[in-house]
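Peer 1: First the structure, then my questions, so here it is.
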Amino acid sequence: MVMETLMVELNWQIKQTEKQQRERENEYRKIKTGVDYSWLVSYPKHSYEINPGDRLQLEDLCAKIHPSYCGPVILRFRHLITEYDPEVQEVAPLFRSVLQEAFDKMKEEEESKKLTSQWNTRRTLSLSLTTFKSRSRIYPFSSDIKTISEDVEHGAEPARRVWSMPEFQTPKDD
C-alpha cells in the first residue's frame with residue numbers, strides 16, 4: 001500500500017511538472033514569435049516515462065519505507081518540487097533522494113531504539129544487582145568491634161589499635 005501510494009505521487013508529480021514545462025515553452029514561443037498557435041498543437045497525455053530499471057529501484061525503496069513515514073515523505077517531496085521547480089527528468093532522482101533520506105532516518109531511529117533498549121536492559125540488570133546487594137545490610141552501631149570514639153565517650157583508656165593503620169602516639173614528657 002505504501003509503495004503504491006508513493007509511486008502514484010511520483011507519477012502525478014511527473015505529469016504536473018511536464019504540464020508546467022509545456023506551458024512555459026508555450027509562453028516562451030508566444031513571446032518569441034508574437035503568435036499563439038497553442039490551439040493547433042495536441043500534446044500526448046504523458047510523454048515522459050521512467051526507465052524500467054529505475055522504476056524497479058524506486059519501487060524497492062518505496063517498499064522499505066514504514067507506513068508512518070509515507071505522509072512525511074510525500075510532504076517533503078512536494079516541498080522540494082515547489083522549491084526547486086525541476087525539469088521532468090529531475091523529478092525521479094529528487095524522489096529517490098527523498099526516499100533515501102527517509103530510509104536513513106528510519107535506520108537511525110531503529111539503531112537509537114536498539115541502543116536505548118540495551119541501555120534499559122543493562123540498567124535493569126544493574127538495579128537488580130543493587131537490590132541484591134542491598135539485601136545484605138550492615139548495621140554499624142550494633143557491632144562488637146570496639147572503636148576509639150566509644151572509649152572516649154565512656155571515659156575509658158583506649159585499647160591498643162588492631163587496625164592496619166599504624167598507631168601514632170605523641171611522646172610523653174617526663
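Order determines the names: the first chain of the C-alpha cells is A, the second B, and so forth; residues in each chain are numbered 1 upward, and ligands are numbered 1 upward as they are shown.
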So that I can see what lies close to Leu6 in chain A, please list as a PyMOL selection string the residues with an atom at most 12 Å from it, counting only C-alpha atoms and leaving out residues fewer than 2 positions away in the same chain.

Peer 2: chain A and resi 1-4+8-13+55+58-67+69-78+92+95-96+98-99

Peer 1: Output N, CA and C atoms of each residue in that selection to a file, as an mmCIF file, in the first residue's frame.

Peer 2:
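Wrote again_21.cif, looks like this:
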```
data_model
loop_
_atom_site.group_PDB
_atom_site.id
_atom_site.type_symbol
_atom_site.label_atom_id
_atom_site.label_comp_id
_atom_site.auth_asym_id
_atom_site.auth_seq_id
_atom_site.Cartn_x
_atom_site.Cartn_y
_atom_site.Cartn_z
ATOM 1 N N MET A 1 0.817 -1.189 0.000
ATOM 2 C CA MET A 1 0.000 0.000 0.000
ATOM 3 C C MET A 1 0.871 1.268 0.000
ATOM 4 N N VAL A 2 1.934 1.253 0.809
ATOM 5 C CA VAL A 2 2.841 2.408 0.872
ATOM 6 C C VAL A 2 3.510 2.610 -0.483
ATOM 7 N N MET A 3 3.991 1.506 -1.067
ATOM 8 C CA MET A 3 4.664 1.606 -2.356
ATOM 9 C C MET A 3 3.722 2.187 -3.411
ATOM 10 N N GLU A 4 2.493 1.708 -3.447
ATOM 11 C CA GLU A 4 1.533 2.205 -4.441
ATOM 12 C C GLU A 4 1.252 3.687 -4.238
ATOM 13 N N VAL A 8 2.213 6.508 -6.984
ATOM 14 C CA VAL A 8 1.147 7.351 -7.552
ATOM 15 C C VAL A 8 1.535 8.817 -7.405
ATOM 16 N N GLU A 9 2.082 9.172 -6.250
ATOM 17 C CA GLU A 9 2.538 10.555 -6.030
ATOM 18 C C GLU A 9 3.633 10.934 -7.024
ATOM 19 N N LEU A 10 4.581 10.037 -7.233
ATOM 20 C CA LEU A 10 5.659 10.301 -8.191
ATOM 21 C C LEU A 10 5.097 10.521 -9.598
ATOM 22 N N ASN A 11 4.204 9.627 -10.035
ATOM 23 C CA ASN A 11 3.624 9.762 -11.377
ATOM 24 C C ASN A 11 2.841 11.059 -11.523
ATOM 25 N N TRP A 12 2.092 11.425 -10.486
ATOM 26 C CA TRP A 12 1.328 12.664 -10.539
ATOM 27 C C TRP A 12 2.257 13.881 -10.630
ATOM 28 N N GLN A 13 3.331 13.866 -9.852
ATOM 29 C CA GLN A 13 4.282 14.984 -9.890
ATOM 30 C C GLN A 13 4.973 15.069 -11.249
ATOM 31 N N ARG A 55 12.519 2.494 -12.295
ATOM 32 C CA ARG A 55 11.212 2.298 -11.676
ATOM 33 C C ARG A 55 11.261 1.165 -10.640
ATOM 34 N N LEU A 58 13.086 2.347 -7.564
ATOM 35 C CA LEU A 58 12.235 3.244 -6.776
ATOM 36 C C LEU A 58 11.155 2.456 -6.032
ATOM 37 N N GLU A 59 10.572 1.475 -6.703
ATOM 38 C CA GLU A 59 9.557 0.648 -6.048
ATOM 39 C C GLU A 59 10.162 -0.129 -4.878
ATOM 40 N N ASP A 60 11.391 -0.601 -5.062
ATOM 41 C CA ASP A 60 12.075 -1.326 -3.986
ATOM 42 C C ASP A 60 12.310 -0.408 -2.782
ATOM 43 N N LEU A 61 12.755 0.816 -3.057
ATOM 44 C CA LEU A 61 12.948 1.779 -1.966
ATOM 45 C C LEU A 61 11.622 2.120 -1.285
ATOM 46 N N CYS A 62 10.571 2.274 -2.085
ATOM 47 C CA CYS A 62 9.246 2.594 -1.526
ATOM 48 C C CYS A 62 8.758 1.471 -0.616
ATOM 49 N N ALA A 63 9.049 0.236 -0.997
ATOM 50 C CA ALA A 63 8.606 -0.913 -0.200
ATOM 51 C C ALA A 63 9.309 -0.960 1.158
ATOM 52 N N LYS A 64 10.480 -0.366 1.269
ATOM 53 C CA LYS A 64 11.227 -0.368 2.528
ATOM 54 C C LYS A 64 10.758 0.717 3.494
ATOM 55 N N ILE A 65 9.965 1.662 3.004
ATOM 56 C CA ILE A 65 9.510 2.777 3.828
ATOM 57 C C ILE A 65 8.375 2.311 4.741
ATOM 58 N N HIS A 66 8.497 2.618 6.019
ATOM 59 C CA HIS A 66 7.471 2.267 7.005
ATOM 60 C C HIS A 66 6.230 3.132 6.755
ATOM 61 N N PRO A 67 5.030 2.583 6.956
ATOM 62 C CA PRO A 67 3.799 3.356 6.698
ATOM 63 C C PRO A 67 3.731 4.687 7.437
ATOM 64 N N TYR A 69 5.980 6.772 7.770
ATOM 65 C CA TYR A 69 6.804 7.753 7.063
ATOM 66 C C TYR A 69 6.205 8.158 5.721
ATOM 67 N N CYS A 70 5.140 7.517 5.301
ATOM 68 C CA CYS A 70 4.566 7.774 3.977
ATOM 69 C C CYS A 70 4.144 9.241 3.828
ATOM 70 N N GLY A 71 3.378 9.745 4.771
ATOM 71 C CA GLY A 71 2.918 11.133 4.719
ATOM 72 C C GLY A 71 4.065 12.137 4.722
ATOM 73 N N PRO A 72 5.003 12.001 5.673
ATOM 74 C CA PRO A 72 6.136 12.936 5.673
ATOM 75 C C PRO A 72 6.977 12.880 4.392
ATOM 76 N N VAL A 73 7.109 11.696 3.785
ATOM 77 C CA VAL A 73 7.862 11.576 2.531
ATOM 78 C C VAL A 73 7.157 12.360 1.439
ATOM 79 N N ILE A 74 5.843 12.202 1.344
ATOM 80 C CA ILE A 74 5.077 12.924 0.313
ATOM 81 C C ILE A 74 5.181 14.429 0.534
ATOM 82 N N LEU A 75 5.039 14.873 1.781
ATOM 83 C CA LEU A 75 5.139 16.309 2.068
ATOM 84 C C LEU A 75 6.521 16.859 1.726
ATOM 85 N N ARG A 76 7.555 16.114 2.082
ATOM 86 C CA ARG A 76 8.924 16.554 1.777
ATOM 87 C C ARG A 76 9.142 16.624 0.261
ATOM 88 N N PHE A 77 8.645 15.620 -0.451
ATOM 89 C CA PHE A 77 8.784 15.585 -1.907
ATOM 90 C C PHE A 77 8.068 16.773 -2.547
ATOM 91 N N ARG A 78 6.858 17.047 -2.115
ATOM 92 C CA ARG A 78 6.104 18.197 -2.669
ATOM 93 C C ARG A 78 6.811 19.510 -2.358
ATOM 94 N N ALA A 92 12.336 12.187 -10.837
ATOM 95 C CA ALA A 92 12.605 10.848 -10.284
ATOM 96 C C ALA A 92 13.851 10.835 -9.391
ATOM 97 N N PHE A 95 12.921 12.395 -6.155
ATOM 98 C CA PHE A 95 12.095 11.463 -5.379
ATOM 99 C C PHE A 95 12.966 10.402 -4.709
ATOM 100 N N ARG A 96 13.951 9.898 -5.447
ATOM 101 C CA ARG A 96 14.871 8.896 -4.898
ATOM 102 C C ARG A 96 15.620 9.469 -3.690
ATOM 103 N N VAL A 98 14.624 11.793 -1.633
ATOM 104 C CA VAL A 98 13.695 11.908 -0.502
ATOM 105 C C VAL A 98 13.475 10.535 0.134
ATOM 106 N N LEU A 99 13.315 9.509 -0.697
ATOM 107 C CA LEU A 99 13.132 8.150 -0.174
ATOM 108 C C LEU A 99 14.363 7.692 0.603
#
```

Peer 1: With distances taken over only C-alpha atoms, which residue among A:Gln118, A:Ile50, A:Glu83, A:Ser38 lies nearest Asn26 in chain A?

Peer 2: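 For Asn26 in chain A, the nearest of the given residues is A:Ser38.
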
Peer 1: Quick one: of A:Gln16, A:Thr33, A:Gln21, A:Gln57, who's nearest to Pro93 in chain A, counting only C-alpha atoms?

Peer 2: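 Once distances to Pro93 in chain A are computed over only C-alpha atoms, the minimum belongs to A:Gln57.
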
Peer 1: What is the CA of Ser97 in chain A-CA of Thr5 in chain A distance in Å, reported with one decimal?

Peer 2: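 Going from CA of Ser97 in chain A over to CA of Thr5 in chain A covers 17.0 Å.
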
Peer 1: Which residues are close to Tyr48 in chain A, i.e. within 8 Å by only C-alpha atoms, leaving aside same-chain residues fewer than 3 positions away? Reply as a VMD selection string.

Peer 2: chain A and resid 14 18 88 to 89

Peer 1: Restricting the output to C-alpha atoms, write the selected residues as a PDB file, in the first residue's frame.

Peer 2:
```pdb
ATOM      1  CA  ILE A  14       5.874  13.925 -13.191  1.00  0.00           C
ATOM      2  CA  GLU A  18       5.545  18.007 -17.601  1.00  0.00           C
ATOM      3  CA  VAL A  88      10.720  16.452 -15.834  1.00  0.00           C
ATOM      4  CA  GLN A  89      13.901  14.323 -15.941  1.00  0.00           C
TER       5      GLN A  89
END
```
